[in-house]
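Visitor: Have a peek at query_34.cif (mmCIF, C-alpha atoms).
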```cif
data_target
#
loop_
_atom_site.label_atom_id
_atom_site.label_comp_id
_atom_site.auth_asym_id
_atom_site.auth_seq_id
_atom_site.Cartn_x
_atom_site.Cartn_y
_atom_site.Cartn_z
CA MET A 77 -13.33 19.49 -13.99
CA LEU A 78 -12.24 20.52 -10.50
CA ASP A 79 -13.36 17.09 -9.23
CA TRP A 80 -10.53 15.24 -10.92
CA VAL A 81 -7.91 18.00 -10.93
CA ILE A 82 -7.76 18.26 -7.12
CA PRO A 83 -6.97 14.54 -6.51
CA ILE A 84 -4.23 14.75 -9.16
CA ALA A 85 -2.82 17.83 -7.41
CA TYR A 86 -2.93 15.95 -4.07
CA GLY A 87 -0.91 13.17 -5.70
CA LEU A 88 1.69 15.57 -7.14
CA VAL A 89 2.13 17.42 -3.83
CA GLY A 90 2.34 14.07 -2.01
CA LEU A 91 5.12 12.99 -4.35
CA ALA A 92 6.87 16.30 -3.62
CA PHE A 93 6.66 15.41 0.11
CA VAL A 94 8.27 12.02 -0.54
CA LEU A 95 11.15 13.60 -2.51
CA SER A 96 11.77 16.22 0.21
CA PHE A 97 11.74 13.50 2.89
CA TYR A 98 14.31 11.57 0.84
CA ARG A 99 16.64 14.59 0.91
CA LEU A 100 15.94 15.16 4.62
CA LEU A 101 16.99 11.59 5.47
CA ARG A 102 19.83 11.30 2.96
CA GLY A 103 21.61 14.55 3.83
CA PRO A 104 24.58 14.54 3.28
CA ASP A 105 25.26 17.82 5.16
CA ALA A 106 23.36 19.92 7.69
CA PRO A 107 22.38 22.72 5.21
CA ASP A 108 20.84 20.06 2.92
CA ARG A 109 18.64 18.87 5.75
CA ILE A 110 17.63 22.42 6.70
CA LEU A 111 16.75 23.12 3.04
CA ALA A 112 14.69 19.91 2.96
CA LEU A 113 12.83 21.02 6.12
CA ASP A 114 12.16 24.42 4.55
CA THR A 115 10.80 22.70 1.43
CA LEU A 116 8.58 20.53 3.60
CA TYR A 117 7.11 23.67 5.21
CA VAL A 118 6.36 25.15 1.77
CA ASN A 119 4.86 21.83 0.62
CA THR A 120 2.65 21.81 3.71
CA ILE A 121 1.38 25.28 2.79
CA ALA A 122 0.56 23.98 -0.71
CA LEU A 123 -1.28 20.99 0.79
CA PHE A 124 -3.29 23.22 3.17
CA VAL A 125 -4.29 25.55 0.34
CA LEU A 126 -5.46 22.52 -1.68
CA LEU A 127 -7.39 21.23 1.36
CA GLY A 128 -9.01 24.64 1.74
CA ILE A 129 -10.20 24.60 -1.90
CA ASP A 130 -11.32 20.96 -1.66
CA LEU A 131 -13.31 21.32 1.57
CA GLY A 132 -14.45 24.87 0.80
CA SER A 133 -13.26 26.12 4.18
CA ALA A 134 -11.31 29.35 4.67
CA ILE A 135 -9.99 28.32 8.11
CA TYR A 136 -6.95 26.60 6.56
CA PHE A 137 -5.32 29.92 5.62
CA GLU A 138 -4.73 30.89 9.20
CA SER A 139 -2.81 27.65 9.74
CA ALA A 140 -0.98 28.10 6.41
CA LEU A 141 0.11 31.59 7.49
CA LEU A 142 1.23 30.28 10.89
CA ILE A 143 3.23 27.48 9.25
CA ALA A 144 4.84 29.98 6.85
CA MET A 145 5.94 32.18 9.76
CA MET A 146 7.16 29.34 12.00
CA GLY A 147 8.98 27.75 9.06
CA PHE A 148 10.79 30.98 8.27
CA VAL A 149 11.82 31.53 11.88
CA GLY A 150 12.99 27.91 12.18
CA THR A 151 15.06 28.07 9.00
CA ILE A 152 16.66 31.36 10.04
CA ALA A 153 17.45 30.07 13.54
CA LEU A 154 19.03 26.84 12.22
CA SER A 155 21.12 28.66 9.57
CA LYS A 156 22.22 31.21 12.17
CA TYR A 157 23.30 28.36 14.42
CA LEU A 158 25.40 26.83 11.62
CA LEU A 159 26.86 30.21 10.77
CA ARG A 160 27.74 31.40 14.27
CA GLY A 161 27.51 28.38 16.59
CA ASP A 162 24.97 30.39 18.58
CA ILE A 163 21.44 31.67 17.91
CA ILE A 164 21.17 34.73 20.17
CA GLU A 165 24.50 36.42 20.81
CA MET B 283 -14.74 29.41 -17.52
CA THR B 284 -13.73 30.12 -13.92
CA GLU B 285 -13.51 26.41 -13.26
CA SER B 286 -11.11 25.73 -16.14
CA LEU B 287 -8.95 28.68 -15.08
CA LEU B 288 -8.92 27.30 -11.52
CA SER B 289 -8.05 23.81 -12.76
CA ILE B 290 -5.14 25.12 -14.86
CA LEU B 291 -3.79 27.21 -11.95
CA ILE B 292 -4.07 24.27 -9.52
CA LEU B 293 -2.35 21.85 -11.93
CA VAL B 294 0.45 24.34 -12.71
CA GLY B 295 0.93 25.00 -8.99
CA ALA B 296 1.08 21.31 -8.08
CA ILE B 297 3.45 20.52 -10.98
CA PHE B 298 5.82 23.36 -10.03
CA THR B 299 5.79 22.25 -6.39
CA LEU B 300 6.74 18.75 -7.57
CA ILE B 301 9.49 20.12 -9.86
CA GLY B 302 11.01 22.07 -6.95
CA SER B 303 11.15 18.98 -4.74
CA LEU B 304 12.44 16.89 -7.65
CA GLY B 305 15.28 19.38 -8.05
CA LEU B 306 15.98 19.15 -4.32
CA ALA B 307 16.19 15.35 -4.51
CA ARG B 308 18.02 14.96 -7.82
CA LEU B 309 20.58 17.76 -8.23
CA GLN B 310 24.24 17.12 -7.50
CA ASP B 311 25.56 19.61 -4.95
CA PHE B 312 24.07 21.92 -2.34
CA TYR B 313 24.42 25.15 -4.31
CA THR B 314 22.46 23.78 -7.28
CA ARG B 315 19.95 22.12 -4.96
CA LEU B 316 19.21 25.53 -3.46
CA HIS B 317 17.58 26.58 -6.76
CA GLY B 318 14.78 24.02 -6.70
CA PRO B 319 12.83 24.89 -3.53
CA THR B 320 13.55 28.62 -3.57
CA LYS B 321 12.34 29.27 -7.13
CA ALA B 322 10.15 26.48 -8.49
CA THR B 323 8.35 25.67 -5.24
CA THR B 324 7.69 29.34 -4.44
CA LEU B 325 6.18 29.83 -7.89
CA GLY B 326 4.07 26.68 -7.46
CA VAL B 327 2.69 27.73 -4.09
CA GLY B 328 2.08 31.26 -5.44
CA SER B 329 0.02 29.81 -8.28
CA LEU B 330 -1.98 27.63 -5.87
CA LEU B 331 -2.65 30.64 -3.64
CA ILE B 332 -3.91 32.69 -6.61
CA ALA B 333 -6.21 29.77 -7.51
CA SER B 334 -7.52 29.68 -3.94
CA SER B 335 -8.06 33.46 -3.93
CA ILE B 336 -10.11 33.22 -7.15
CA TYR B 337 -12.07 30.24 -5.79
CA PHE B 338 -13.11 31.96 -2.57
CA SER B 339 -13.80 35.27 -4.34
CA THR B 340 -16.25 33.57 -6.74
CA HIS B 341 -17.87 31.09 -4.34
CA ASN B 342 -18.42 33.39 -1.38
CA GLU B 343 -19.59 36.97 -1.60
CA GLY B 344 -16.85 39.56 -1.47
CA LEU B 345 -13.16 39.52 -2.31
CA SER B 346 -10.94 37.00 -0.50
CA LEU B 347 -7.53 38.48 0.21
CA HIS B 348 -6.09 36.26 3.00
CA GLU B 349 -4.17 34.31 0.38
CA VAL B 350 -2.39 37.42 -0.86
CA LEU B 351 -0.97 37.82 2.65
CA VAL B 352 0.53 34.30 2.57
CA THR B 353 1.85 34.91 -0.97
CA ILE B 354 3.56 38.19 -0.05
CA PHE B 355 5.03 36.64 3.10
CA LEU B 356 6.36 33.65 1.15
CA PHE B 357 7.82 35.82 -1.63
CA ILE B 358 9.64 37.99 0.92
CA THR B 359 10.97 35.19 3.13
CA ALA B 360 12.09 32.61 0.52
CA PRO B 361 15.08 34.67 -0.78
CA VAL B 362 16.11 35.63 2.77
CA SER B 363 16.24 32.03 3.99
CA ALA B 364 18.01 30.93 0.77
CA HIS B 365 20.62 33.66 1.29
CA LEU B 366 21.27 32.61 4.90
CA LEU B 367 21.46 28.92 3.92
CA ALA B 368 23.98 29.73 1.17
CA LYS B 369 26.04 31.74 3.67
CA ALA B 370 25.96 28.81 6.12
CA ALA B 371 27.02 26.40 3.35
CA LEU B 372 29.92 28.69 2.34
CA HIS B 373 30.95 28.97 5.99
CA LEU B 374 31.00 25.15 6.31
CA LYS B 375 32.95 24.93 2.99
CA LEU B 376 30.64 22.33 1.41
CA LYS B 377 31.96 20.68 -1.72
CA THR B 378 30.84 22.30 -4.97
CA LEU B 379 30.64 21.21 -8.60
CA ALA B 380 32.10 24.51 -9.78
CA ALA B 381 35.72 24.36 -10.89
CA PRO B 382 38.23 25.95 -8.50
CA PRO B 383 39.13 29.54 -9.46
CA THR B 384 42.01 30.04 -11.88
CA GLN B 385 44.94 32.40 -11.29
CA ASP B 386 43.28 35.35 -13.11
CA GLN B 387 40.08 35.16 -11.08
CA GLU B 388 41.92 35.03 -7.78
CA LYS B 389 43.54 38.45 -8.28
#
```
Could you take the file, read its structure, and then write that structure out as structure tokens?

Guide:
Amino acid sequence: MLDWVIPIAYGLVGLAFVLSFYRLLRGPDAPDRILALDTLYVNTIALFVLLGIDLGSAIYFESALLIAMMGFVGTIALSKYLLRGDIIE
Amino acid sequence: MTESLLSILILVGAIFTLIGSLGLARLQDFYTRLHGPTKATTLGVGSLLIASSIYFSTHNEGLSLHEVLVTIFLFITAPVSAHLLAKAALHLKLKTLAAPPTQDQEK
């Protein structure tokens, strides 16, 4: 059962990537693009978790955790820049 | 038994991830768009991480708890980044679908 569920899940997450990329390119404002980037980070975590299950390797969690942290810091820095015009005051 | 539970969790997770991104692409203004990724996608990834935790706990010996770390981190950070993005959007005065406030609400 897992054999055909995982490819379907890959397809669904891939479609989610396409939709987020559409919003990233379309805009129309800066916060929309930042939100799209944040969604792309979360989608990447989903994809890595799926890869980990598919390949049976636990090494993907370390990268998923790193991406989660870097994505959070990036989103906060970009929003702070929009809010204040400066990141570190 | 474990495999069907895993399959259901993986499908639910992938579908919720897709719904979150669909909301991001389809909804009309920024404030409604903020709902999609911060709620649906977080739930989807949480479900996928639970599936992965069950998979590695049953296939290898011993409990696998790395995934819980990612889940907790994601559940803490998603509202914080959504809050800051909403503040940035309010600061930039993005257009909203909500009607402008009436006289009573302004007081």

Visitor: Grab the CA of Ile292 (chain B) to CA of Asp130 (chain A) distance for me, in Å with one decimal place.

Guide: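 Computing it gives 11.2 Å between the two atoms.
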
Visitor: Using all atoms listed in the file, which residue out of A:Leu126, A:Leu95, A:Ile110, A:Ile164 lies closest to Leu300 (chain B)?

Guide: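 Nearest to Leu300 (chain B): A:Leu95.
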
Visitor: Give me, as a tab-separated table, the closest atom pair and its distance (Å, one decimal) for every residue of chain A within a cut-off of 9 Å of chain B, counting all atoms listed in the file, rows sorted by chain and rising number.

Guide:
```
residue	atom	partner	partner_atom	distance
A:Met77	CA	B:Ser289	CA	6.9
A:Leu78	CA	B:Ser289	CA	5.8
A:Val81	CA	B:Ser289	CA	6.1
A:Ile82	CA	B:Ile292	CA	7.4
A:Ile84	CA	B:Leu293	CA	7.8
A:Ala85	CA	B:Ala296	CA	5.3
A:Tyr86	CA	B:Ala296	CA	7.8
A:Gly87	CA	B:Ala296	CA	8.7
A:Leu88	CA	B:Ala296	CA	5.8
A:Val89	CA	B:Ala296	CA	5.9
A:Gly90	CA	B:Leu300	CA	8.5
A:Leu91	CA	B:Leu300	CA	6.8
A:Ala92	CA	B:Leu300	CA	4.6
A:Phe93	CA	B:Ser303	CA	7.5
A:Val94	CA	B:Ser303	CA	8.6
A:Leu95	CA	B:Ala307	CA	5.7
A:Ser96	CA	B:Ser303	CA	5.7
A:Phe97	CA	B:Ala307	CA	8.8
A:Tyr98	CA	B:Ala307	CA	6.8
A:Arg99	CA	B:Ala307	CA	5.5
A:Asp105	CA	B:Leu376	CA	8.0
A:Ala106	CA	B:Ala371	CA	8.6
A:Pro107	CA	B:Ala371	CA	6.2
A:Asp108	CA	B:Phe312	CA	6.4
A:Ile110	CA	B:Leu367	CA	8.0
A:Leu111	CA	B:Leu316	CA	7.4
A:Ala112	CA	B:Leu306	CA	7.4
A:Asp114	CA	B:Pro319	CA	8.1
A:Thr115	CA	B:Pro319	CA	5.8
A:Leu116	CA	B:Ser303	CA	8.9
A:Val118	CA	B:Thr323	CA	7.3
A:Asn119	CA	B:Thr299	CA	7.1
A:Ile121	CA	B:Val327	CA	7.4
A:Ala122	CA	B:Val327	CA	5.5
A:Val125	CA	B:Leu331	CA	6.7
A:Leu126	CA	B:Leu330	CA	7.5
A:Gly128	CA	B:Ser334	CA	7.7
A:Ile129	CA	B:Ser334	CA	6.1
A:Gly132	CA	B:Phe338	CA	8.0
A:Ser133	CA	B:Phe338	CA	8.9
A:Ala134	CA	B:Phe338	CA	7.9
A:Phe137	CA	B:His348	CA	6.9
A:Glu138	CA	B:His348	CA	8.3
A:Ala140	CA	B:Val352	CA	7.4
A:Leu141	CA	B:Val352	CA	5.6
A:Ala144	CA	B:Leu356	CA	6.9
A:Met145	CA	B:Phe355	CA	8.1
A:Phe148	CA	B:Thr359	CA	6.6
A:Thr151	CA	B:Ser363	CA	6.5
A:Ile152	CA	B:Ser363	CA	6.1
A:Leu154	CA	B:Leu367	CA	8.9
A:Ser155	CA	B:Leu367	CA	5.7
A:Lys156	CA	B:Leu366	CA	7.5
A:Tyr157	CA	B:Ala370	CA	8.7
A:Leu158	CA	B:Ala370	CA	5.9
A:Leu159	CA	B:Ala370	CA	4.9
A:Arg160	CA	B:Ala370	CA	8.7
```

Visitor: Report, in Å with one decimal, the straight-line distance from CA of Leu347 (chain B) to CA of Pro83 (chain A).

Guide: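 Value for the CA of Leu347 (chain B)-CA of Pro83 (chain A) distance: 24.9 Å.
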
Visitor: One decimal, in Å: what's the spacing between CA of Gln310 (chain B) and CA of Val149 (chain A)?

Guide: 27.2 Å

Visitor: With 3 Å added on each side, what axis-aligned box encloses every listed atom of region 123-140 of chain A? Give the centre and edge lengths in Å to one decimal, as JSON.

Guide:
```
{"center_x": -7.7, "center_y": 25.9, "center_z": 3.9, "size_x": 19.5, "size_y": 15.9, "size_z": 17.6}
```

Visitor: Out of B:Pro361, B:Thr384, B:Ser339, B:Lys377, which residue has the shortest atom-to-atom distance to His317 (chain B) when counting all atoms listed in the file?

Guide: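 For His317 (chain B), the nearest of the given residues is B:Pro361.
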
Visitor: Can you save chain B of the given block to a file, including C-alpha atoms and formatted as a tab-separated table (two decimals), in the first residue's frame?

Guide:
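After the write, decode23.tsv holds the following:
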```tsv
chain	number	residue	atom	x	y	z
B	283	MET	CA	-2.29	-2.34	10.11
B	284	THR	CA	0.71	-0.05	10.62
B	285	GLU	CA	1.07	0.30	6.87
B	286	SER	CA	-2.52	1.44	6.33
B	287	LEU	CA	-2.20	3.93	9.20
B	288	LEU	CA	1.03	5.22	7.63
B	289	SER	CA	-0.61	5.48	4.21
B	290	ILE	CA	-3.57	7.45	5.60
B	291	LEU	CA	-1.27	9.83	7.52
B	292	ILE	CA	0.95	10.39	4.46
B	293	LEU	CA	-2.04	11.02	2.16
B	294	VAL	CA	-3.68	13.41	4.66
B	295	GLY	CA	-0.38	15.25	5.12
B	296	ALA	CA	0.24	15.62	1.39
B	297	ILE	CA	-3.36	16.74	0.74
B	298	PHE	CA	-3.22	19.37	3.50
B	299	THR	CA	0.12	20.65	2.19
B	300	LEU	CA	-1.49	21.00	-1.24
B	301	ILE	CA	-4.57	22.75	0.22
B	302	GLY	CA	-2.34	25.28	2.01
B	303	SER	CA	-0.49	26.14	-1.20
B	304	LEU	CA	-3.77	26.21	-3.14
B	305	GLY	CA	-5.07	28.78	-0.65
B	306	LEU	CA	-1.88	30.79	-1.09
B	307	ALA	CA	-2.31	30.82	-4.88
B	308	ARG	CA	-6.08	31.29	-5.10
B	309	LEU	CA	-7.27	33.59	-2.30
B	310	GLN	CA	-7.98	37.24	-3.01
B	311	ASP	CA	-5.98	39.48	-0.67
B	312	PHE	CA	-2.89	39.12	1.51
B	313	TYR	CA	-4.70	38.81	4.84
B	314	THR	CA	-6.80	35.85	3.64
B	315	ARG	CA	-3.80	34.33	1.88
B	316	LEU	CA	-1.97	34.28	5.21
B	317	HIS	CA	-4.38	31.59	6.45
B	318	GLY	CA	-3.41	28.93	3.91
B	319	PRO	CA	0.29	28.32	4.63
B	320	THR	CA	0.17	29.07	8.35
B	321	LYS	CA	-2.66	26.65	9.19
B	322	ALA	CA	-3.24	24.04	6.50
B	323	THR	CA	0.40	23.54	5.53
B	324	THR	CA	1.56	23.33	9.16
B	325	LEU	CA	-1.07	20.66	9.84
B	326	GLY	CA	-0.03	18.77	6.69
B	327	VAL	CA	3.65	18.76	7.57
B	328	GLY	CA	2.80	17.79	11.17
B	329	SER	CA	0.85	14.79	9.89
B	330	LEU	CA	3.72	13.76	7.60
B	331	LEU	CA	6.19	14.05	10.49
B	332	ILE	CA	3.99	11.83	12.71
B	333	ALA	CA	3.87	9.28	9.85
B	334	SER	CA	7.66	9.38	9.58
B	335	SER	CA	8.05	8.99	13.36
B	336	ILE	CA	5.81	5.89	13.32
B	337	TYR	CA	7.65	4.48	10.28
B	338	PHE	CA	11.11	4.76	11.83
B	339	SER	CA	9.87	3.55	15.24
B	340	THR	CA	8.47	0.35	13.69
B	341	HIS	CA	11.18	-0.35	11.09
B	342	ASN	CA	14.25	0.30	13.23
B	343	GLU	CA	14.64	-0.77	16.83
B	344	GLY	CA	13.87	1.89	19.39
B	345	LEU	CA	11.73	5.01	19.37
B	346	SER	CA	12.46	7.67	16.73
B	347	LEU	CA	11.93	11.14	18.14
B	348	HIS	CA	13.89	13.45	15.77
B	349	GLU	CA	10.65	14.22	13.95
B	350	VAL	CA	8.99	15.50	17.11
B	351	LEU	CA	11.74	18.12	17.30
B	352	VAL	CA	10.94	19.39	13.79
B	353	THR	CA	7.20	19.32	14.58
B	354	ILE	CA	7.58	21.35	17.78
B	355	PHE	CA	9.89	23.83	16.06
B	356	LEU	CA	7.44	24.27	13.17
B	357	PHE	CA	4.43	24.65	15.47
B	358	ILE	CA	6.22	27.34	17.48
B	359	THR	CA	7.65	29.32	14.56
B	360	ALA	CA	4.69	29.33	12.12
B	361	PRO	CA	2.48	31.68	14.22
B	362	VAL	CA	5.44	33.97	14.98
B	363	SER	CA	6.35	34.45	11.32
B	364	ALA	CA	2.66	34.87	10.39
B	365	HIS	CA	2.31	37.57	13.06
B	366	LEU	CA	5.36	39.48	11.81
B	367	LEU	CA	4.21	39.19	8.18
B	368	ALA	CA	0.76	40.54	9.12
B	369	LYS	CA	2.42	43.43	10.97
B	370	ALA	CA	4.58	44.18	7.91
B	371	ALA	CA	1.50	44.08	5.65
B	372	LEU	CA	-0.39	46.46	7.97
B	373	HIS	CA	2.63	48.77	8.04
B	374	LEU	CA	2.72	48.83	4.21
B	375	LYS	CA	-1.09	49.41	4.16
B	376	LEU	CA	-1.83	46.62	1.66
B	377	LYS	CA	-5.30	46.64	0.18
B	378	THR	CA	-7.83	44.44	1.98
B	379	LEU	CA	-11.17	42.89	1.08
B	380	ALA	CA	-12.65	43.90	4.43
B	381	ALA	CA	-15.02	46.86	4.32
B	382	PRO	CA	-13.66	50.11	5.75
B	383	PRO	CA	-14.71	50.69	9.39
B	384	THR	CA	-18.00	52.49	10.00
B	385	GLN	CA	-18.42	55.49	12.30
B	386	ASP	CA	-19.36	53.35	15.35
B	387	GLN	CA	-16.30	51.12	15.07
B	388	GLU	CA	-13.92	54.05	14.75
B	389	LYS	CA	-14.82	55.46	18.19
```
